[in-house]
file start.csv (CSV, C-alpha atoms and all ligand atoms)
chain,number,residue,atom,x,y,z
A,1,MET,CA,124.8,96.7,110.3
A,2,PRO,CA,127.6,94.5,111.6
A,3,ASN,CA,129.9,97.5,112.0
A,4,SER,CA,127.7,99.8,114.0
A,5,ALA,CA,128.8,98.3,117.3
A,6,PRO,CA,132.6,98.7,117.0
A,7,ARG,CA,132.1,102.3,115.6
A,8,ALA,CA,129.9,103.2,118.6
A,9,ILE,CA,132.8,102.7,121.1
A,10,GLU,CA,135.1,105.1,119.2
A,11,LYS,CA,135.3,108.2,121.3
A,12,ALA,CA,134.4,111.4,119.6
A,13,ILE,CA,137.6,113.4,119.1
A,14,GLU,CA,139.0,116.3,117.2
A,15,GLU,CA,140.7,114.7,114.2
A,16,PRO,CA,144.4,115.7,113.7
A,17,GLY,CA,145.9,116.9,110.4
A,18,ALA,CA,148.1,114.6,108.3
A,19,LEU,CA,151.4,115.7,109.7
A,20,VAL,CA,150.4,115.5,113.3
A,21,ALA,CA,148.9,112.1,112.8
A,22,ALA,CA,152.0,110.8,111.1
A,23,LEU,CA,154.3,112.2,113.8
A,24,ARG,CA,152.2,110.5,116.4
A,25,GLY,CA,152.3,107.2,114.6
A,26,MET,CA,156.1,107.5,114.2
A,27,ARG,CA,156.4,107.8,118.0
A,28,ASN,CA,154.2,104.7,118.7
A,29,HIS,CA,151.3,107.0,119.7
A,30,CYS,CA,147.8,106.6,118.6
A,31,PRO,CA,147.5,108.8,115.4
A,32,ARG,CA,144.0,109.7,116.4
A,33,CYS,CA,144.2,110.7,120.0
A,34,ASP,CA,148.0,110.7,120.8
A,35,HIS,CA,148.0,108.1,123.6
A,36,LYS,CA,150.4,105.2,123.7
A,37,PRO,CA,150.7,102.6,122.3
A,38,LEU,CA,150.0,102.2,118.7
A,39,PHE,CA,151.9,98.9,118.5
A,40,ALA,CA,151.2,95.9,120.6
A,41,ARG,CA,154.4,94.3,119.3
A,42,TYR,CA,157.3,95.4,117.1
A,43,LEU,CA,155.2,95.7,113.9
A,44,LYS,CA,151.8,94.6,115.1
A,45,PRO,CA,149.4,97.5,115.9
A,46,VAL,CA,147.0,97.2,118.8
A,47,ALA,CA,143.6,95.9,117.8
A,48,ARG,CA,142.0,99.0,119.3
A,49,CYS,CA,143.4,102.1,120.9
A,50,ALA,CA,142.8,101.6,124.7
A,51,CYS,CA,142.0,105.3,125.0
A,52,CYS,CA,139.9,106.4,122.0
A,53,GLY,CA,138.8,102.9,120.7
A,54,GLN,CA,140.0,103.4,117.1
A,55,ASP,CA,140.4,100.0,115.3
A,56,TRP,CA,144.0,99.8,114.0
A,57,THR,CA,143.7,96.4,112.4
A,58,LEU,CA,142.0,98.2,109.4
A,59,HIS,CA,145.3,99.3,107.9
A,60,GLN,CA,147.0,97.8,104.8
A,61,ALA,CA,150.6,99.0,105.2
A,62,ASP,CA,151.9,95.8,103.6
A,63,ASP,CA,155.5,96.3,102.3
A,64,PHE,CA,155.4,100.1,102.1
A,65,PRO,CA,157.1,100.7,105.6
A,66,ALA,CA,159.9,98.4,104.5
A,67,TYR,CA,160.5,100.3,101.3
A,68,ILE,CA,160.6,103.6,103.2
A,69,ALA,CA,163.0,102.2,105.8
A,70,ILE,CA,165.3,100.7,103.1
A,71,PHE,CA,165.2,103.9,101.0
A,72,ILE,CA,166.1,106.1,103.9
A,73,SER,CA,168.8,103.8,105.3
A,74,GLY,CA,170.4,103.5,101.8
A,75,HIS,CA,170.5,107.3,101.4
A,76,LEU,CA,172.0,107.7,104.9
A,77,LEU,CA,174.7,105.0,104.4
A,78,ALA,CA,175.6,105.6,100.7
A,79,PRO,CA,177.4,109.0,101.3
A,80,VAL,CA,179.3,107.6,104.3
A,81,LEU,CA,180.4,104.5,102.4
A,82,ILE,CA,181.4,106.4,99.3
A,83,ALA,CA,183.4,108.9,101.3
A,84,ALA,CA,185.1,106.2,103.3
A,85,GLY,CA,185.7,104.1,100.2
A,86,SER,CA,187.2,106.8,98.1
A,87,ARG,CA,189.7,107.8,100.8
A,88,GLU,CA,190.6,104.2,101.4
A,89,LEU,CA,190.1,104.7,105.1
A,90,LEU,CA,189.1,101.0,105.6
A,91,PRO,CA,189.7,97.8,103.7
A,92,MET,CA,186.8,96.9,101.3
A,93,GLY,CA,185.9,93.9,103.4
A,94,TRP,CA,185.3,96.1,106.4
A,95,LEU,CA,183.3,98.6,104.3
A,96,ALA,CA,181.1,95.7,103.0
A,97,LEU,CA,180.5,94.5,106.6
A,98,ILE,CA,179.6,98.0,107.7
A,99,ALA,CA,177.3,98.4,104.8
A,100,VAL,CA,175.4,95.2,105.5
A,101,LEU,CA,175.2,95.6,109.3
A,102,GLY,CA,174.5,99.3,109.1
A,103,ALA,CA,171.7,98.8,106.6
A,104,LEU,CA,170.2,96.0,108.7
A,105,LEU,CA,170.4,98.1,111.9
A,106,LEU,CA,169.0,101.3,110.4
A,107,THR,CA,166.2,99.3,108.7
A,108,ILE,CA,165.2,97.6,112.0
A,109,VAL,CA,165.3,100.9,113.8
A,110,MET,CA,163.2,102.7,111.2
A,111,LEU,CA,160.6,100.0,110.4
A,112,GLN,CA,158.2,100.7,113.3
A,113,PRO,CA,158.2,104.5,112.9
A,114,ALA,CA,157.7,104.0,109.2
A,115,LYS,CA,154.8,101.7,109.7
A,116,GLY,CA,153.3,104.0,112.3
A,117,ALA,CA,153.4,106.9,109.8
A,118,VAL,CA,151.9,104.8,107.0
A,119,ILE,CA,149.1,103.6,109.3
A,120,ALA,CA,148.5,107.2,110.4
A,121,LEU,CA,148.3,108.5,106.9
A,122,GLN,CA,146.0,105.7,105.7
A,123,TYR,CA,143.8,106.6,108.6
A,124,HIS,CA,144.0,110.3,108.0
A,125,TRP,CA,143.1,109.9,104.3
A,126,ARG,CA,140.5,107.2,105.1
A,127,MET,CA,142.3,104.6,102.9
A,128,HIS,CA,141.7,100.9,102.7
A,129,GLY,CA,139.9,99.6,105.8
A,130,PHE,CA,139.6,103.2,107.2
A,131,ASP,CA,137.4,104.0,104.3
A,132,PRO,CA,133.8,104.0,105.8
A,133,ALA,CA,132.6,102.4,102.5
A,134,SER,CA,134.9,99.4,103.1
A,135,ARG,CA,133.6,98.6,106.6
A,136,GLU,CA,131.1,96.1,105.3
A,137,VAL,CA,133.9,93.9,104.0
A,138,ASP,CA,136.0,91.9,106.3
A,139,GLN,CA,139.5,92.5,104.9
A,140,ARG,CA,141.8,92.5,108.0
A,141,PRO,CA,145.3,91.1,107.3
A,142,ASP,CA,146.9,91.3,110.8
A,201,ZN,ZN,143.5,109.1,123.8
A,202,ZN,ZN,143.5,106.6,120.4
call {"tool": "encode", "arguments": {"input": "start.csv", "output": "structure tokens"}}
result
Amino acid sequence: MPNSAPRAIEKAIEEPGALVAALRGMRNHCPRCDHKPLFARYLKPVARCACCGQDWTLHQADDFPAYIAIFISGHLLAPVLIAAGSRELLPMGWLALIAVLGALLLTIVMLQPAKGAVIALQYHWRMHGFDPASREVDQRPD
């Protein structure tokens, strides 16, 4: 069994519920044991939690965090832009600039928390690489 060794170093721990795990991941904490960090870089999770040993390369978050971040930033910005536009508070050019920069900024700010939550829920529900049945297969993207 090639996977018995990595599993063995995972510390036994009381597993959190979905909401707790997601909130931990959003805050760059390990969804499993709540210690920092979950991310080694902006969007790259640590290979293993330094505390509990959980392998975080097993996720397959793909584009989903980006969809979440864009969806939320759009819904935050749209009412502001519509209100400002309909009252002609600013020239259209300025509104367009605010829309583009605002969407960019909000998306950048929300990407890591969104990815943390997605990884946490994939872990919680044993999806993709976190599914014990898939551990035989080497399918680690990044
Ligand atoms: Zn820990
Ligand atoms: Zn941990």
call {"tool": "closest_residue", "arguments": {"input": "start.csv", "among": "A:Cys51, A:Ala18, A:Asn28, A:Pro45", "to": "ligand ZN 201 (chain A)", "atoms": "all atoms listed in the file"}}
result
A:Cys51
call {"tool": "residues_near_ligand", "arguments": {"input": "start.csv", "ligand": "ligand ZN 202 (chain A)", "cutoff": "12 Å", "atoms": "all atoms listed in the file", "output": "VMD selection string"}}
result
chain A and resid 9 to 16 21 24 to 25 28 to 39 45 to 56 120 123
call {"tool": "atom_distance", "arguments": {"input": "start.csv", "atom1": "atom CA of A:Leu81", "atom2": "atom CA of A:Pro65"}}
result
23.8 Å
call {"tool": "atom_distance", "arguments": {"input": "start.csv", "atom1": "atom CA of A:Met26", "atom2": "atom CA of A:Ala117"}}
result
5.2 Å
call {"tool": "atom_distance", "arguments": {"input": "start.csv", "atom1": "atom CA of A:Arg126", "atom2": "atom CA of A:His59"}}
result
9.7 Å
call {"tool": "closest_residue", "arguments": {"input": "start.csv", "among": "A:Arg27, A:His124, A:Leu77, A:Pro132", "to": "A:Leu101", "atoms": "only C-alpha atoms"}}
result
A:Leu77
call {"tool": "residues_around", "arguments": {"input": "start.csv", "residues": "A:Val80", "least_positions_apart": "2", "cutoff": "12 Å", "atoms": "all atoms listed in the file", "output": "PDB file with C-alpha atoms, in the frame of the given file"}}
result
ATOM      1  CA  SER A  73     168.800 103.800 105.300  1.00  0.00           C
ATOM      2  CA  GLY A  74     170.400 103.500 101.800  1.00  0.00           C
ATOM      3  CA  HIS A  75     170.500 107.300 101.400  1.00  0.00           C
ATOM      4  CA  LEU A  76     172.000 107.700 104.900  1.00  0.00           C
ATOM      5  CA  LEU A  77     174.700 105.000 104.400  1.00  0.00           C
ATOM      6  CA  ALA A  78     175.600 105.600 100.700  1.00  0.00           C
ATOM      7  CA  ILE A  82     181.400 106.400  99.300  1.00  0.00           C
ATOM      8  CA  ALA A  83     183.400 108.900 101.300  1.00  0.00           C
ATOM      9  CA  ALA A  84     185.100 106.200 103.300  1.00  0.00           C
ATOM     10  CA  GLY A  85     185.700 104.100 100.200  1.00  0.00           C
ATOM     11  CA  SER A  86     187.200 106.800  98.100  1.00  0.00           C
ATOM     12  CA  ARG A  87     189.700 107.800 100.800  1.00  0.00           C
ATOM     13  CA  LEU A  89     190.100 104.700 105.100  1.00  0.00           C
ATOM     14  CA  LEU A  90     189.100 101.000 105.600  1.00  0.00           C
ATOM     15  CA  LEU A  95     183.300  98.600 104.300  1.00  0.00           C
ATOM     16  CA  ILE A  98     179.600  98.000 107.700  1.00  0.00           C
ATOM     17  CA  ALA A  99     177.300  98.400 104.800  1.00  0.00           C
ATOM     18  CA  GLY A 102     174.500  99.300 109.100  1.00  0.00           C
ATOM     19  CA  ALA A 103     171.700  98.800 106.600  1.00  0.00           C
TER      20      ALA A 103
END
